[in-house]
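Source file: upload26.cif (mmCIF, C-alpha atoms)
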data_model
#
loop_
_atom_site.group_PDB
_atom_site.id
_atom_site.type_symbol
_atom_site.label_atom_id
_atom_site.label_comp_id
_atom_site.auth_asym_id
_atom_site.auth_seq_id
_atom_site.Cartn_x
_atom_site.Cartn_y
_atom_site.Cartn_z
ATOM 1 C CA MET G 216 8.629 4.116 13.800
ATOM 2 C CA ALA G 217 6.435 4.893 16.761
ATOM 3 C CA GLU G 218 7.552 4.047 20.257
ATOM 4 C CA LYS G 219 5.249 2.138 22.542
ATOM 5 C CA ILE G 220 1.583 2.950 21.820
ATOM 6 C CA GLU G 221 -0.833 2.915 24.726
ATOM 7 C CA ILE G 222 -4.635 2.812 24.575
ATOM 8 C CA THR G 223 -5.544 5.246 27.336
ATOM 9 C CA GLU G 224 -8.816 5.416 29.263
ATOM 10 C CA ALA G 225 -9.620 8.665 27.459
ATOM 11 C CA MET G 226 -9.211 6.897 24.109
ATOM 12 C CA GLN G 227 -11.302 3.927 25.255
ATOM 13 C CA ALA G 228 -14.083 6.346 26.273
ATOM 14 C CA VAL G 229 -14.462 7.408 22.628
ATOM 15 C CA VAL G 230 -15.444 3.897 21.488
ATOM 16 C CA GLY G 231 -19.133 3.728 20.567
ATOM 17 C CA VAL G 232 -19.824 7.479 20.589
ATOM 18 C CA GLN G 233 -21.791 8.359 17.416
ATOM 19 C CA SER G 234 -20.857 11.411 15.347
ATOM 20 C CA GLU G 235 -23.299 14.081 14.237
ATOM 21 C CA PRO G 236 -24.785 13.128 10.837
ATOM 22 C CA TRP G 237 -23.112 14.428 7.655
ATOM 23 C CA THR G 238 -24.653 14.571 4.184
ATOM 24 C CA HIS G 239 -23.360 12.539 1.249
ATOM 25 C CA GLU G 240 -24.786 13.320 -2.183
ATOM 26 C CA VAL G 241 -25.182 10.791 -4.988
ATOM 27 C CA THR G 242 -25.517 12.590 -8.324
ATOM 28 C CA THR G 243 -25.167 11.462 -11.942
ATOM 29 C CA THR G 244 -21.933 13.462 -12.142
ATOM 30 C CA SER G 245 -20.524 12.002 -8.912
ATOM 31 C CA VAL G 246 -21.341 8.421 -9.986
ATOM 32 C CA ARG G 247 -19.634 8.985 -13.357
ATOM 33 C CA SER G 248 -16.619 10.560 -11.661
ATOM 34 C CA PHE G 249 -16.176 7.578 -9.332
ATOM 35 C CA ALA G 250 -16.743 5.002 -12.105
ATOM 36 C CA ARG G 251 -14.244 6.848 -14.312
ATOM 37 C CA GLY G 252 -11.710 6.926 -11.467
ATOM 38 C CA VAL G 253 -11.916 3.142 -11.025
ATOM 39 C CA GLY G 254 -11.762 2.571 -14.788
ATOM 40 C CA TYR G 255 -15.229 1.117 -15.470
ATOM 41 C CA THR G 256 -16.345 0.729 -19.085
ATOM 42 C CA ASP G 257 -19.863 -0.566 -18.211
ATOM 43 C CA PRO G 258 -22.316 2.025 -19.659
ATOM 44 C CA VAL G 259 -24.779 1.417 -16.804
ATOM 45 C CA TYR G 260 -22.598 3.656 -14.575
ATOM 46 C CA PHE G 261 -22.392 6.451 -17.181
ATOM 47 C CA ASP G 262 -25.507 6.456 -19.371
ATOM 48 C CA GLU G 263 -28.934 6.953 -17.783
ATOM 49 C CA GLU G 264 -30.687 5.152 -20.653
ATOM 50 C CA ALA G 265 -28.464 2.102 -20.143
ATOM 51 C CA ALA G 266 -29.069 2.253 -16.378
ATOM 52 C CA LYS G 267 -32.850 2.337 -16.798
ATOM 53 C CA LYS G 268 -32.715 -0.496 -19.320
ATOM 54 C CA ALA G 269 -30.787 -2.538 -16.702
ATOM 55 C CA GLY G 270 -33.604 -1.874 -14.199
ATOM 56 C CA TYR G 271 -32.257 1.040 -12.112
ATOM 57 C CA ARG G 272 -34.013 4.332 -11.230
ATOM 58 C CA SER G 273 -30.961 6.275 -12.408
ATOM 59 C CA LEU G 274 -27.194 5.671 -12.463
ATOM 60 C CA PRO G 275 -26.539 3.155 -9.649
ATOM 61 C CA CYS G 276 -23.649 3.564 -7.211
ATOM 62 C CA PRO G 277 -20.757 1.365 -8.315
ATOM 63 C CA PRO G 278 -19.748 -1.062 -5.524
ATOM 64 C CA THR G 279 -17.830 0.670 -2.697
ATOM 65 C CA TYR G 280 -19.088 4.142 -3.690
ATOM 66 C CA LEU G 281 -21.415 5.509 -1.009
ATOM 67 C CA GLY G 282 -21.880 9.080 -2.203
ATOM 68 C CA THR G 283 -19.644 12.107 -1.917
ATOM 69 C CA PRO G 284 -19.541 13.960 1.396
ATOM 70 C CA ILE G 285 -20.577 17.577 0.854
ATOM 71 C CA PHE G 286 -17.496 19.778 1.043
ATOM 72 C CA ILE G 287 -17.600 22.894 3.197
ATOM 73 C CA PRO G 288 -14.300 24.741 3.755
ATOM 74 C CA GLY G 289 -13.458 24.795 7.441
ATOM 75 C CA LEU G 290 -15.914 22.016 8.301
ATOM 76 C CA SER G 291 -14.559 19.367 5.910
ATOM 77 C CA ASN G 292 -11.269 17.515 6.075
ATOM 78 C CA ASP G 293 -9.216 18.994 3.249
ATOM 79 C CA THR G 294 -7.339 15.732 2.586
ATOM 80 C CA PHE G 295 -9.966 13.016 2.964
ATOM 81 C CA SER G 296 -13.071 15.131 2.141
ATOM 82 C CA GLY G 297 -15.196 13.877 5.047
ATOM 83 C CA PRO G 298 -16.390 16.032 7.951
ATOM 84 C CA LYS G 299 -13.751 17.186 10.440
ATOM 85 C CA ASN G 300 -16.116 16.630 13.312
ATOM 86 C CA THR G 301 -16.468 12.870 13.495
ATOM 87 C CA GLY G 302 -17.207 12.873 17.202
ATOM 88 C CA PRO G 303 -14.682 13.018 20.006
ATOM 89 C CA GLY G 304 -11.090 12.689 18.806
ATOM 90 C CA LEU G 305 -8.710 9.953 19.870
ATOM 91 C CA ASN G 306 -5.732 12.349 20.225
ATOM 92 C CA HIS G 307 -3.264 9.502 19.728
ATOM 93 C CA GLY G 308 -0.665 11.881 18.224
ATOM 94 C CA LEU G 309 0.442 9.401 15.522
ATOM 95 C CA LYS G 310 1.275 11.095 12.223
ATOM 96 C CA ASN G 311 1.180 8.304 9.639
ATOM 97 C CA VAL G 312 -1.877 6.361 8.550
ATOM 98 C CA LEU G 313 -2.413 3.353 6.286
ATOM 99 C CA ASP G 314 -5.677 1.690 5.318
ATOM 100 C CA GLY G 315 -6.101 -1.787 6.842
ATOM 101 C CA GLY G 316 -9.295 -3.060 5.321
ATOM 102 C CA THR G 317 -12.882 -2.251 4.429
ATOM 103 C CA GLU G 318 -16.152 -4.173 4.686
ATOM 104 C CA THR G 319 -19.516 -2.983 3.405
ATOM 105 C CA ASP G 320 -22.988 -4.448 3.958
ATOM 106 C CA TYR G 321 -25.475 -3.340 1.309
ATOM 107 C CA LEU G 322 -29.027 -3.262 2.616
ATOM 108 C CA ALA G 323 -30.873 -1.407 -0.187
ATOM 109 C CA ASP G 324 -30.082 0.103 -3.588
ATOM 110 C CA ILE G 325 -28.427 3.521 -3.925
ATOM 111 C CA CYS G 326 -28.803 5.570 -7.117
ATOM 112 C CA ALA G 327 -28.066 9.060 -8.408
ATOM 113 C CA GLY G 328 -30.595 11.446 -6.860
ATOM 114 C CA ASP G 329 -30.279 9.924 -3.394
ATOM 115 C CA THR G 330 -29.082 11.931 -0.412
ATOM 116 C CA LEU G 331 -27.504 9.939 2.383
ATOM 117 C CA SER G 332 -27.147 10.898 6.017
ATOM 118 C CA VAL G 333 -24.010 9.349 7.472
ATOM 119 C CA THR G 334 -23.043 8.813 11.099
ATOM 120 C CA SER G 335 -19.863 7.141 12.241
ATOM 121 C CA CYS G 336 -18.264 5.929 15.413
ATOM 122 C CA CYS G 337 -15.061 4.366 16.581
ATOM 123 C CA ALA G 338 -16.086 0.739 17.074
ATOM 124 C CA ASP G 339 -12.832 -0.765 18.328
ATOM 125 C CA LEU G 340 -9.211 -0.002 19.258
ATOM 126 C CA SER G 341 -6.310 -2.450 19.253
ATOM 127 C CA ILE G 342 -2.529 -2.563 18.852
ATOM 128 C CA ARG G 343 -0.611 -4.627 16.314
ATOM 129 C CA GLU G 344 3.080 -5.188 15.614
ATOM 130 C CA SER G 345 4.139 -4.659 12.005
ATOM 131 C CA LYS G 346 7.467 -5.730 10.540
ATOM 132 C CA THR G 347 7.756 -2.593 8.393
ATOM 133 C CA THR G 348 6.258 0.128 10.577
ATOM 134 C CA GLY G 349 6.669 -1.088 14.180
ATOM 135 C CA GLN G 350 3.729 -0.759 16.571
ATOM 136 C CA MET G 351 0.475 0.393 15.038
ATOM 137 C CA LEU G 352 -2.800 1.527 16.543
ATOM 138 C CA ILE G 353 -5.713 -0.166 14.751
ATOM 139 C CA VAL G 354 -8.829 2.015 14.753
ATOM 140 C CA THR G 355 -12.024 0.372 13.503
ATOM 141 C CA THR G 356 -14.639 2.883 12.388
ATOM 142 C CA GLU G 357 -18.237 1.945 11.604
ATOM 143 C CA SER G 358 -20.383 4.212 9.440
ATOM 144 C CA THR G 359 -24.139 3.968 8.864
ATOM 145 C CA TYR G 360 -25.706 5.334 5.656
ATOM 146 C CA THR G 361 -29.393 6.305 5.734
ATOM 147 C CA ASN G 362 -31.231 7.607 2.655
ATOM 148 C CA GLN G 363 -33.790 10.419 2.278
ATOM 149 C CA ASP G 364 -36.640 7.977 3.094
ATOM 150 C CA GLY G 365 -35.062 6.923 6.396
ATOM 151 C CA THR G 366 -33.935 3.530 5.046
ATOM 152 C CA VAL G 367 -30.520 2.303 6.194
ATOM 153 C CA VAL G 368 -28.927 1.481 2.821
ATOM 154 C CA ALA G 369 -25.412 0.488 3.885
ATOM 155 C CA LYS G 370 -23.049 -0.069 6.781
ATOM 156 C CA GLN G 371 -19.324 0.152 6.356
ATOM 157 C CA ARG G 372 -16.479 -0.831 8.668
ATOM 158 C CA GLY G 373 -12.958 0.376 7.992
ATOM 159 C CA GLN G 374 -9.637 -0.087 9.732
ATOM 160 C CA GLY G 375 -7.146 2.761 9.997
ATOM 161 C CA LEU G 376 -3.585 1.762 10.888
ATOM 162 C CA PHE G 377 -1.841 4.630 12.706
ATOM 163 C CA TYR G 378 1.899 4.660 13.349
ATOM 164 C CA MET O 104 -25.384 -10.885 -20.405
ATOM 165 C CA PRO O 105 -26.741 -10.747 -16.850
ATOM 166 C CA LEU O 106 -25.369 -13.605 -14.727
ATOM 167 C CA ASN O 107 -27.613 -16.657 -14.643
ATOM 168 C CA TRP O 108 -27.812 -18.937 -11.597
ATOM 169 C CA ASN O 109 -27.102 -21.986 -13.772
ATOM 170 C CA ALA O 110 -24.037 -20.424 -15.414
ATOM 171 C CA PHE O 111 -21.644 -21.125 -12.528
ATOM 172 C CA GLU O 112 -20.939 -23.598 -9.755
ATOM 173 C CA GLU O 113 -18.733 -23.870 -6.686
ATOM 174 C CA GLY O 114 -15.158 -23.652 -7.927
ATOM 175 C CA SER O 115 -16.025 -21.495 -10.969
ATOM 176 C CA ASN O 116 -13.635 -18.631 -11.643
ATOM 177 C CA LEU O 117 -14.782 -15.059 -12.207
ATOM 178 C CA PRO O 118 -13.492 -13.459 -15.427
ATOM 179 C CA GLU O 119 -10.238 -11.744 -14.463
ATOM 180 C CA LEU O 120 -9.610 -8.013 -14.644
ATOM 181 C CA GLU O 121 -6.177 -6.560 -15.461
ATOM 182 C CA LYS O 122 -5.190 -3.133 -14.194
ATOM 183 C CA ALA O 123 -1.997 -1.076 -14.007
ATOM 184 C CA PRO O 124 -3.134 2.348 -12.804
ATOM 185 C CA GLY O 125 -0.645 5.168 -13.321
ATOM 186 C CA VAL O 126 -0.490 8.453 -11.451
ATOM 187 C CA THR O 127 -3.094 10.064 -13.733
ATOM 188 C CA GLN O 128 -5.571 7.246 -13.068
ATOM 189 C CA LEU O 129 -4.955 7.610 -9.320
ATOM 190 C CA VAL O 130 -5.648 11.355 -9.600
ATOM 191 C CA LYS O 131 -8.949 10.529 -11.331
ATOM 192 C CA TYR O 132 -9.747 8.086 -8.541
ATOM 193 C CA ALA O 133 -8.877 10.724 -5.927
ATOM 194 C CA ALA O 134 -11.305 13.121 -7.623
ATOM 195 C CA GLY O 135 -14.065 10.500 -7.792
ATOM 196 C CA GLY O 136 -13.552 9.027 -4.345
ATOM 197 C CA GLY O 137 -12.478 12.139 -2.434
ATOM 198 C CA ASP O 138 -9.221 10.795 -0.944
ATOM 199 C CA PHE O 139 -6.543 13.411 -1.676
ATOM 200 C CA ASN O 140 -3.885 11.904 0.597
ATOM 201 C CA PRO O 141 -0.596 13.006 -1.097
ATOM 202 C CA LEU O 142 0.721 9.472 -0.473
ATOM 203 C CA HIS O 143 -1.225 8.553 -3.632
ATOM 204 C CA HIS O 144 0.013 11.262 -6.032
ATOM 205 C CA ASP O 145 2.962 13.255 -4.576
ATOM 206 C CA PHE O 146 6.416 11.625 -4.715
ATOM 207 C CA ALA O 147 7.850 14.495 -2.585
ATOM 208 C CA PHE O 148 5.424 13.818 0.303
ATOM 209 C CA PRO O 149 7.457 12.618 3.349
ATOM 210 C CA GLN O 150 5.533 9.343 3.746
ATOM 211 C CA SER O 151 5.996 8.586 0.003
ATOM 212 C CA LYS O 152 9.721 9.304 0.336
ATOM 213 C CA ALA O 153 9.950 7.050 3.391
ATOM 214 C CA LEU O 154 8.198 4.219 1.510
ATOM 215 C CA GLY O 155 10.203 4.860 -1.670
ATOM 216 C CA SER O 156 7.171 5.583 -3.867
ATOM 217 C CA ILE O 157 3.612 6.755 -3.889
ATOM 218 C CA ILE O 158 1.247 3.802 -3.425
ATOM 219 C CA ILE O 159 -2.132 2.871 -4.871
ATOM 220 C CA HIS O 160 -5.117 3.745 -2.660
ATOM 221 C CA GLY O 161 -6.270 0.639 -0.809
ATOM 222 C CA ARG O 162 -9.744 1.847 -1.635
ATOM 223 C CA PHE O 163 -8.895 1.885 -5.352
ATOM 224 C CA LYS O 164 -8.195 -1.840 -5.115
ATOM 225 C CA TYR O 165 -11.394 -2.344 -3.089
ATOM 226 C CA ALA O 166 -13.371 -0.465 -5.763
ATOM 227 C CA ALA O 167 -11.647 -2.486 -8.500
ATOM 228 C CA LEU O 168 -12.687 -5.720 -6.745
ATOM 229 C CA GLY O 169 -16.199 -4.229 -6.794
ATOM 230 C CA GLU O 170 -15.825 -3.669 -10.533
ATOM 231 C CA LEU O 171 -14.728 -7.299 -10.960
ATOM 232 C CA VAL O 172 -17.856 -8.548 -9.163
ATOM 233 C CA SER O 173 -20.078 -6.023 -10.961
ATOM 234 C CA ASN O 174 -18.743 -7.164 -14.347
ATOM 235 C CA TRP O 175 -19.418 -10.793 -13.388
ATOM 236 C CA LEU O 176 -22.978 -10.084 -12.201
ATOM 237 C CA ASP O 177 -23.618 -7.804 -15.189
ATOM 238 C CA HIS O 178 -26.684 -6.476 -13.317
ATOM 239 C CA GLY O 179 -28.184 -9.958 -12.999
ATOM 240 C CA GLY O 180 -27.976 -9.593 -9.210
ATOM 241 C CA ARG O 181 -26.591 -7.441 -6.438
ATOM 242 C CA ILE O 182 -23.792 -7.421 -3.907
ATOM 243 C CA ARG O 183 -24.845 -8.058 -0.313
ATOM 244 C CA THR O 184 -21.437 -7.753 1.335
ATOM 245 C CA LEU O 185 -18.010 -6.869 -0.038
ATOM 246 C CA SER O 186 -14.816 -6.787 1.984
ATOM 247 C CA CYS O 187 -11.067 -6.809 1.547
ATOM 248 C CA GLN O 188 -7.902 -6.388 3.550
ATOM 249 C CA TYR O 189 -4.932 -4.323 2.429
ATOM 250 C CA ARG O 190 -2.054 -6.705 3.221
ATOM 251 C CA GLY O 191 0.511 -5.366 0.789
ATOM 252 C CA MET O 192 1.174 -2.076 -0.951
ATOM 253 C CA ASP O 193 0.838 -1.805 -4.733
ATOM 254 C CA LEU O 194 2.794 0.684 -6.809
ATOM 255 C CA PRO O 195 1.668 2.752 -9.816
ATOM 256 C CA ASP O 196 2.148 1.402 -13.357
ATOM 257 C CA GLN O 197 2.629 -2.158 -12.068
ATOM 258 C CA PRO O 198 0.323 -4.828 -13.490
ATOM 259 C CA MET O 199 -2.275 -6.245 -11.102
ATOM 260 C CA THR O 200 -4.552 -9.194 -11.844
ATOM 261 C CA LEU O 201 -7.908 -9.191 -10.071
ATOM 262 C CA GLY O 202 -9.915 -12.362 -9.864
ATOM 263 C CA GLY O 203 -12.153 -14.563 -7.776
ATOM 264 C CA VAL O 204 -13.531 -18.030 -7.276
ATOM 265 C CA VAL O 205 -16.986 -19.171 -6.158
ATOM 266 C CA LYS O 206 -16.593 -20.797 -2.730
ATOM 267 C CA ARG O 207 -20.229 -21.532 -1.964
ATOM 268 C CA LYS O 208 -23.558 -21.477 -3.788
ATOM 269 C CA TRP O 209 -26.832 -21.908 -1.920
ATOM 270 C CA GLU O 210 -30.486 -20.878 -1.597
ATOM 271 C CA GLU O 211 -31.867 -19.329 1.555
ATOM 272 C CA GLY O 212 -35.154 -17.558 2.320
ATOM 273 C CA GLY O 213 -36.112 -17.606 -1.366
ATOM 274 C CA GLU O 214 -32.824 -15.949 -2.406
ATOM 275 C CA LYS O 215 -30.112 -17.395 -4.638
ATOM 276 C CA LEU O 216 -26.749 -16.665 -2.998
ATOM 277 C CA ALA O 217 -23.094 -17.124 -3.799
ATOM 278 C CA GLU O 218 -19.962 -16.420 -1.804
ATOM 279 C CA VAL O 219 -16.844 -15.547 -3.772
ATOM 280 C CA GLU O 220 -13.242 -15.272 -2.632
ATOM 281 C CA LEU O 221 -11.375 -12.397 -4.272
ATOM 282 C CA PHE O 222 -7.740 -11.533 -4.906
ATOM 283 C CA VAL O 223 -5.488 -8.808 -6.282
ATOM 284 C CA LYS O 224 -2.245 -10.405 -7.471
ATOM 285 C CA ASN O 225 0.817 -8.260 -8.117
ATOM 286 C CA ALA O 226 3.470 -8.917 -10.774
ATOM 287 C CA GLU O 227 5.214 -11.379 -8.420
ATOM 288 C CA GLY O 228 1.984 -13.324 -7.978
ATOM 289 C CA LYS O 229 1.495 -12.192 -4.367
ATOM 290 C CA ASN O 230 -2.085 -11.578 -3.240
ATOM 291 C CA THR O 231 -1.836 -8.077 -1.750
ATOM 292 C CA THR O 232 -5.570 -7.610 -1.222
ATOM 293 C CA PRO O 233 -7.562 -10.708 -0.280
ATOM 294 C CA GLY O 234 -11.285 -10.132 -0.215
ATOM 295 C CA SER O 235 -14.674 -11.765 -0.305
ATOM 296 C CA ALA O 236 -18.203 -11.008 -1.402
ATOM 297 C CA VAL O 237 -21.676 -12.424 -0.987
ATOM 298 C CA VAL O 238 -23.978 -11.794 -3.946
ATOM 299 C CA VAL O 239 -27.674 -12.337 -4.582
ATOM 300 C CA VAL O 240 -28.414 -13.630 -8.084
ATOM 301 C CA ASN O 241 -31.808 -12.658 -9.541
ATOM 302 C CA ALA O 242 -32.586 -15.664 -11.713
#
Target encoding structure tokens, full file:
Amino acid sequence: MAEKIEITEAMQAVVGVQSEPWTHEVTTTSVRSFARGVGYTDPVYFDEEAAKKAGYRSLPCPPTYLGTPIFIPGLSNDTFSGPKNTGPGLNHGLKNVLDGGTETDYLADICAGDTLSVTSCCADLSIRESKTTGQMLIVTTESTYTNQDGTVVAKQRGQGLFY
Amino acid sequence: MPLNWNAFEEGSNLPELEKAPGVTQLVKYAAGGGDFNPLHHDFAFPQSKALGSIIIHGRFKYAALGELVSNWLDHGGRIRTLSCQYRGMDLPDQPMTLGGVVKRKWEEGGEKLAEVELFVKNAEGKNTTPGSAVVVVNA
């Protein structure tokens, strides 16, 4: 369990600072891989004919899938697959992380063949007491997904619980 | 069949989805979703040892709630917002029941909308992952 966690001025200064954009690709293979991982049996996420018959340009992104961040050794996070450089770091020094929650707003459709440009920022910091893990630092991250035509297709907020 | 606006009302239940993902399924999800945190596949990882087991990705449950809503819509509409909170950990090979209930049904700006409350119940009947969605129904 962590001792007392403090939100320092340096940490607070990180809130709202946007990261450099990173590319997420949506391909037929990546859509199938995600749908298979969740356990879908709906052919619309696997078979392009079925997808077109259902009215999509190509295989649509299953809900919660927002493309796969391109992986570049050294630049990508080897565990979570996103870019290492997500803007200024919080340097909170806490080793353990749990996922607190996720919220996605869908603003336009996303299909295989789309390339998304993703920026993220730390939107909020707070501290919470947990019965099992003691004090936790709650980091809310907001990511914005923009497609190849410049349309914002989705916004996602996630909470990381560090302890 | 694509969901029809007249096929449900406030209080209607979504068809439930049963899942009990094992380690292999979680590895497939890691490959598809990109989250290779050892907490979700490696029993020897210190955090897994401290918790007594590997645990299911919160995002797996979020995606499965997405599947539940997608199955219900059956491409007769689209999701506008989808959210959930990871309140309790779920373990591999344990049965989970995913479901939802329509809380509100209304029309606004020419769109047919419904708000659904979602849940992931574990074997003890505890809702580990409450969620909600707003969907737009085509017709």
Original post:
For this file, the PyMOL selection byres ((chain O) within 10 of (chain G)) selects which residues, as number ranges by chain?
Top reply: O: 105, 122, 124, 127-142, 149-150, 154, 160-174, 177-179, 181-192, 232-237
Take the selection from the previous step and output its residues with C-alpha atoms, as a short mmCIF file (atom, residue, chain, number, x, y, z; two decimals), in the frame of the given file.
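result_28.cif was written with the following content:
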data_model
loop_
_atom_site.label_atom_id
_atom_site.label_comp_id
_atom_site.auth_asym_id
_atom_site.auth_seq_id
_atom_site.Cartn_x
_atom_site.Cartn_y
_atom_site.Cartn_z
CA PRO O 105 -26.74 -10.75 -16.85
CA LYS O 122 -5.19 -3.13 -14.19
CA PRO O 124 -3.13 2.35 -12.80
CA THR O 127 -3.09 10.06 -13.73
CA GLN O 128 -5.57 7.25 -13.07
CA LEU O 129 -4.96 7.61 -9.32
CA VAL O 130 -5.65 11.36 -9.60
CA LYS O 131 -8.95 10.53 -11.33
CA TYR O 132 -9.75 8.09 -8.54
CA ALA O 133 -8.88 10.72 -5.93
CA ALA O 134 -11.30 13.12 -7.62
CA GLY O 135 -14.06 10.50 -7.79
CA GLY O 136 -13.55 9.03 -4.34
CA GLY O 137 -12.48 12.14 -2.43
CA ASP O 138 -9.22 10.80 -0.94
CA PHE O 139 -6.54 13.41 -1.68
CA ASN O 140 -3.88 11.90 0.60
CA PRO O 141 -0.60 13.01 -1.10
CA LEU O 142 0.72 9.47 -0.47
CA PRO O 149 7.46 12.62 3.35
CA GLN O 150 5.53 9.34 3.75
CA LEU O 154 8.20 4.22 1.51
CA HIS O 160 -5.12 3.74 -2.66
CA GLY O 161 -6.27 0.64 -0.81
CA ARG O 162 -9.74 1.85 -1.64
CA PHE O 163 -8.90 1.88 -5.35
CA LYS O 164 -8.20 -1.84 -5.12
CA TYR O 165 -11.39 -2.34 -3.09
CA ALA O 166 -13.37 -0.46 -5.76
CA ALA O 167 -11.65 -2.49 -8.50
CA LEU O 168 -12.69 -5.72 -6.74
CA GLY O 169 -16.20 -4.23 -6.79
CA GLU O 170 -15.82 -3.67 -10.53
CA LEU O 171 -14.73 -7.30 -10.96
CA VAL O 172 -17.86 -8.55 -9.16
CA SER O 173 -20.08 -6.02 -10.96
CA ASN O 174 -18.74 -7.16 -14.35
CA ASP O 177 -23.62 -7.80 -15.19
CA HIS O 178 -26.68 -6.48 -13.32
CA GLY O 179 -28.18 -9.96 -13.00
CA ARG O 181 -26.59 -7.44 -6.44
CA ILE O 182 -23.79 -7.42 -3.91
CA ARG O 183 -24.84 -8.06 -0.31
CA THR O 184 -21.44 -7.75 1.34
CA LEU O 185 -18.01 -6.87 -0.04
CA SER O 186 -14.82 -6.79 1.98
CA CYS O 187 -11.07 -6.81 1.55
CA GLN O 188 -7.90 -6.39 3.55
CA TYR O 189 -4.93 -4.32 2.43
CA ARG O 190 -2.05 -6.70 3.22
CA GLY O 191 0.51 -5.37 0.79
CA MET O 192 1.17 -2.08 -0.95
CA THR O 232 -5.57 -7.61 -1.22
CA PRO O 233 -7.56 -10.71 -0.28
CA GLY O 234 -11.28 -10.13 -0.22
CA SER O 235 -14.67 -11.76 -0.30
CA ALA O 236 -18.20 -11.01 -1.40
CA VAL O 237 -21.68 -12.42 -0.99
#
Original post:
Can you list, as a PyMOL selection string, every protein, DNA or RNA residue that comes within 8 Å of Cys336 in chain G when you count all atoms listed in the file, leaving out same-chain residues fewer than 4 positions away?
Top reply: chain G and resi 230-234+301-302+356-358
**OP:** In Å, rounded to a single decimal, give me how far CA of Val333 in chain G is from CA of Pro298 in chain G.
**Re:**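 Pair CA of Pro298 in chain G / CA of Val333 in chain G returns 10.1 Å.
Across the structure, CA of Pro275 in chain G and CA of Val223 in chain O are spaced 24.4 Å apart.
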Original post:
Expressed in Å to a single decimal, how great is the separation between CA of Thr366 in chain G and CA of Ser332 in chain G?
Top reply: 10.1 Å
Original post:
Hey, what comes out of the PyMOL selection byres ((chain G and resi 228) around 12) on this file? Could you write it as an MDAnalysis selection string?
Top reply: chainID G and resid 222:227 229:233 302:306 336:340
Give the centre and edge lengths of an axis-aligned box, in Å to one decimal, that holds all listed atoms of range 104-114 of chain O with 6 Å on each side, as lines of an AutoDock Vina configuration file.
center_x = -21.5
center_y = -17.3
center_z = -13.5
size_x = 24.7
size_y = 25.1
size_z = 25.7
Subject >> the PyMOL selection byres ((chain G and resi 350) around 10) applied to the shown file, residues as number ranges by chain >> reply: G: 216-220, 342-349, 351-353, 376-378
Subject >> Spatial neighbours of Glu210 in chain O, 10 Å, all atoms listed in the file, chain gap at least 6 places, as an MDAnalysis selection string >> reply: chainID O and resid 216:217 239:240
Original post:
Near Ile159 in chain O, counting all atoms listed in the file, which residues have an atom at most 7 Å away, once you skip same-chain residues fewer than 6 positions from it, shown as a PyMOL selection string?
Top reply: chain O and resi 143+193-195
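Counting only C-alpha atoms, the residue from G:Ala327, G:Val241, G:Lys299, G:Asp364 that sits nearest to Glu263 in chain G is G:Ala327.
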